[in-house]
Amino acid sequence: MFEQDIINKFVTNVGESIQLMQPEVALLITFVLALVFDLIFKKTRSIAGYVAILGFIVTGFLLCTADSANAGGFAQMVAIDPFSNFFKLIILLASLIVVVMSLFSKELYTESRTLGEYYSLIAGMTLAMFLLSSSNNLIMMYLSIEMMSLSSYVLAGYTKEIKRASEASLKYVIYGAISSGIMIYGISLIFGLTGTLNLYEINSFLANADINLWALLVPTLMIIAGIGYKISIVPFHFWTPDVYEGAPVTITALLSVASKAAGFAMLIRFIKVGFVDSMFGGDFWAVLHLDWQHIIALLSVLTMTLGNLVALWQTNVKRLLAYSSIAHAGYMLMGLTVMNDAGVAAVLIYFFVYLFMNLGAFFFVLLIANKTGSEDIEDYQGLGYKAPAISVCMVIFLVSLTGLPPTAGFIGKLYIFTALLQNPDFIWLAVVGVINSVISLAFYVKVFRNMYLRKVDEAKETFKFSIPSIVLMFALAIPTLLFGIYFSPIVNWAEQSVGIFLR
Amino acid sequence: MLTNFGIILLFFIIGFIFVGISIAAASLIRPHKPNPIKNATYECGEVALGSPWIRFNTRFYVIALVFLIFDVEIVLLFPWAVVFKGLGWYAFAAMLVFFFILTLGLVYDWGKGYLDWEKPNPIVPVLSDLIDGKK
Amino acid sequence: MLETIQMEYYLILSAVLFTIGTIGVLTRRNAIIIFMSLELMLNAVNLSLVAFSSYYGDSAGQIFVFFIMALAAAEAAVGLAIILSLFRLKKTVYVDEVNIFKW
């Protein structure tokens with residue numbers, strides 16, 4: 001019977017797709033097990049955290065050993081390709097480091113009753129980000145963005161006994177719900193315009209159709225608003241400083257790295273698969289209909305300039321790092337502006353570097369907040385002498401965030417500017433980028449000055465940190481230094497990973 | 001020839017006529033003997049006391065939230081139920097996984113005591129505090 | 001032969017609903033009413049998706065509507081839970097009274 005054939009084919013397809021998506025299945029099992037273990041062993045508060053760490057390691061193993069597949073699963077709903085694997089590895093590393101960081105967090109362990117949901121929600125959020133980085137269909141994209149957001153709304157307000165966490169969470173959920181509402185309105189208009197939700201079919205429709213430019217621009221900008229909200233690019237960034245300041249430090253770190261990575265993966269895939277003419281192969285992206293280059297360039301300039309300028313007069317270090325992360329999103333958009341594979345490779349390199357330096361900076365904030373209970377920059381005075389070992393690491397992170405040699409941040413910026421300078425039209429953008437880096441130096445130095453040059457004489461006491469926390473700090477600082485000197489493996493890896501699965 | 005709008009208009013007109021006729025017929029047939037007890041809000045129940053604009057206890061929300069999830073999950077069952085017969089055991093297994101995860105959430109809530117009805121703990125004034133002037 | 005309602009009418013209704021929802025979100029101060037307005041925005045999207053879906057004879061749009069409905073419920077649940085936890089701390093659901101953070 002004909003119908004039965006379709007059904008059998010469907011079942012086979014699902015079976016094959018699950019084979020391809022073993023890491024996601026492992027994450028799902030991690031999520032469930034973390035909850036179950038937390039229910040059974042009520043006494044050990046961190047049990048779900050250990051389950052999550054174990055699950056992440058298994059997932060990482062599955063991710064690395066999977067043969068470099070380049071295929072679509074679940075009837076082209078998701079794509080498994082080197083590009084998504086790169087982002088999945090970054091997301092997984094960030095989540096793993098954040099879970100380990102959470103084990104050291106005093107804030108979490110004193111201000112909340114249970115931590116089972118906390119760790120399992122991180123696992124669930126990681127699953128959502130995995131799906132987001134490989135989603136190929138607008139339904140899948142919306143579902144995974146929402147799944148990621150719902151987990152992060154709850155996580156941002158996790159220490160609910162603290163007023164500012166609840167407030168951050170409320171702002172986050174309201175802004176988030178609005179932006180996702182705008183995004184699906186855009187999706188519905190795209191569906192109306194092209195008659196499909198699959199990115200490949202949208203692409204082939206756009207390649208052959210004669211479309212009113214405005215009819216295409218409006219829904220596309222709506223979708224960009226939804227994704228841009230997640231990666232906090234400027235007109236959609238309002239939530240970022242408040243949420244980053246109010247949320248627990250660990251969640252701030254997770255939002256600033258992992259969810260940004262997933263959002264960028266989606267943005268790049270949306271543009272590359274949906275809007276780049278697949279007839280032109282190779283390095284050159286022939287963009288259909290819309291002038292993506294100038295849209296992205298404009299967003300990039302706005303994002304980094306506002307991020308850096310407002311960061312100048314911040315006094316809370318978490319808030320300062322929030323604006324700094326907005327600025328970094330702007331730098332990464334700069335790499336996307338050139339719309340070729342070299343630009344995407346530069347973004348990938350930047351993300352890998354950003355992972356270590358940003359998580360490291362937040363880990364420093366966490367350790368200091370454990371001791372002093374404050375995130376204010378005034379309370380950082382003399383830290384260079386109270387906590388010498390980790391302060392040195394923090395200096396490395398700050399130098400790297402500024403983008404100075406010999407740290408990894410320099411390599412990230414170098415590749416972005418190199419990609420940008422290949423296109424003579426965008427030299428002005430590179431100049432803006434350099435000016436912004438100089439501005440950013442001012443506020444990173446402010447942190448440094450408070451740590452080393454203020455009230456040094458009063459620094460009598462020294463802080464003691466546990467050995468595992470110092471080990472983790474160095475595990476973040478050493479790659480930041482090492483990849484500044486020996487960077488060819490990342491560059492090779494990133495250049496191999498730009499391949500996006502095109503049917 | 002009717003357009004779709006014509007059908008909607010017809011629907012409206014029939015609706016109004018139907019309701020109008022029922023009300024008119026009822027007012028013609030029914031006896032009219034009002035008294036205060038009959039006019040009360042709950043004719044055969046408790047006497048209404050106080051304003052209805054009180055704030056409900058926020059704990060009701062927690063129950064409502066749990067209900068909401070299980071309520072709306074049914075929407076995902078409809079497409080499943082339509083193709084269930086053709087898909088057979090495969091669809092059954094898939095839905096079992098879905099239900100397992102969903103039920104786990106409820107079990108978790110229950111096990112952690114989020115569904116317990118916390119009794120309010122009123123602060124009873126102590127005589128010595130009153131004398132000391134703490135309150 | 002019935003003359004069907006044209007596509008534009010659905011789209012205009014959907015756009016009007018979406019706009020009302022957006023205005024509600026922007027002007028209201030009560031967090032719960034903001035969430036109601038958000039539901040209105042989502043329902044506008046549902047309407048336009050169903051209209052397009054029947055226009056193209058493609059059921060993908062209707063499947064999407066199912067997911068949006070389920071997610072809207074989840075979002076409302078999370079949103080209400082967050083409002084609830086804020087209410088326990090601050091005894092208010094008015095968003096302009098929630099103002100610890102400034103620039």
# chains A, B, ... in the order shown; residues from 1 in each chain; ligands from 1

$ interface_residues --of "chain B" --to "chain A" --cutoff "10 Å" --atoms "only C-alpha atoms" --output "PDB file with C-alpha atoms, in the first residue's frame"
ATOM      1  CA  VAL B  83      -1.551   8.830  12.282  1.00  0.00           C
ATOM      2  CA  GLY B  86      -0.516   3.549  10.483  1.00  0.00           C
ATOM      3  CA  LEU B  87       2.611   4.051  12.566  1.00  0.00           C
ATOM      4  CA  GLY B  88       1.867   1.343  15.099  1.00  0.00           C
ATOM      5  CA  TYR B  90       6.857   3.011  16.633  1.00  0.00           C
ATOM      6  CA  ALA B  91       4.520   5.908  17.345  1.00  0.00           C
ATOM      7  CA  PHE B 100       7.976   9.652  30.422  1.00  0.00           C
ATOM      8  CA  ILE B 101       9.838  12.976  30.304  1.00  0.00           C
ATOM      9  CA  LEU B 104       9.186  12.886  35.290  1.00  0.00           C
ATOM     10  CA  GLY B 105       8.646  16.609  35.681  1.00  0.00           C
ATOM     11  CA  VAL B 107       7.184  13.354  39.826  1.00  0.00           C
ATOM     12  CA  TYR B 108      10.081  15.718  40.417  1.00  0.00           C
ATOM     13  CA  ASP B 109       7.760  18.505  41.535  1.00  0.00           C
ATOM     14  CA  TRP B 110       5.973  16.106  43.823  1.00  0.00           C
ATOM     15  CA  GLY B 111       9.119  14.540  45.236  1.00  0.00           C
ATOM     16  CA  LYS B 112      10.634  17.941  45.940  1.00  0.00           C
TER      17      LYS B 112
END

$ interface_residues --of "chain B" --to "chain C" --cutoff "7 Å" --atoms "only C-alpha atoms" --output "ChimeraX atom specification"
/B:2-4,65,68-69,72-73,75-76

$ residues_around --residues "C:Ile34" --least-positions-apart "5" --cutoff "10 Å" --atoms "only C-alpha atoms" --output "number ranges by chain"
A: 174, 178; C: 21-29, 39-40, 94-95

$ atom_distance --atom1 "atom CA of A:Gly176" --atom2 "atom CA of C:Ile83"
14.4 Å

$ atom_distance --atom1 "atom CA of A:Ala258" --atom2 "atom CA of A:Val218"
28.3 Å

$ interface_residues --of "chain C" --to "chain A" --cutoff "6 Å" --atoms "only C-alpha atoms" --output "ChimeraX atom specification"
/C:42,45,49,52,86

$ write_last_selection --atoms "C-alpha atoms" --output "PDB file, in the first residue's frame"
ATOM      1  CA  LEU C  42       1.350  34.810  19.165  1.00  0.00           C
ATOM      2  CA  VAL C  45       1.034  34.691  14.113  1.00  0.00           C
ATOM      3  CA  LEU C  49       0.245  30.750   9.542  1.00  0.00           C
ATOM      4  CA  PHE C  52      -0.969  30.711   4.509  1.00  0.00           C
ATOM      5  CA  LEU C  86       9.111  38.401  42.122  1.00  0.00           C
TER       6      LEU C  86
END

$ atom_distance --atom1 "atom CA of A:Thr30" --atom2 "atom CA of A:Arg45"
16.7 Å
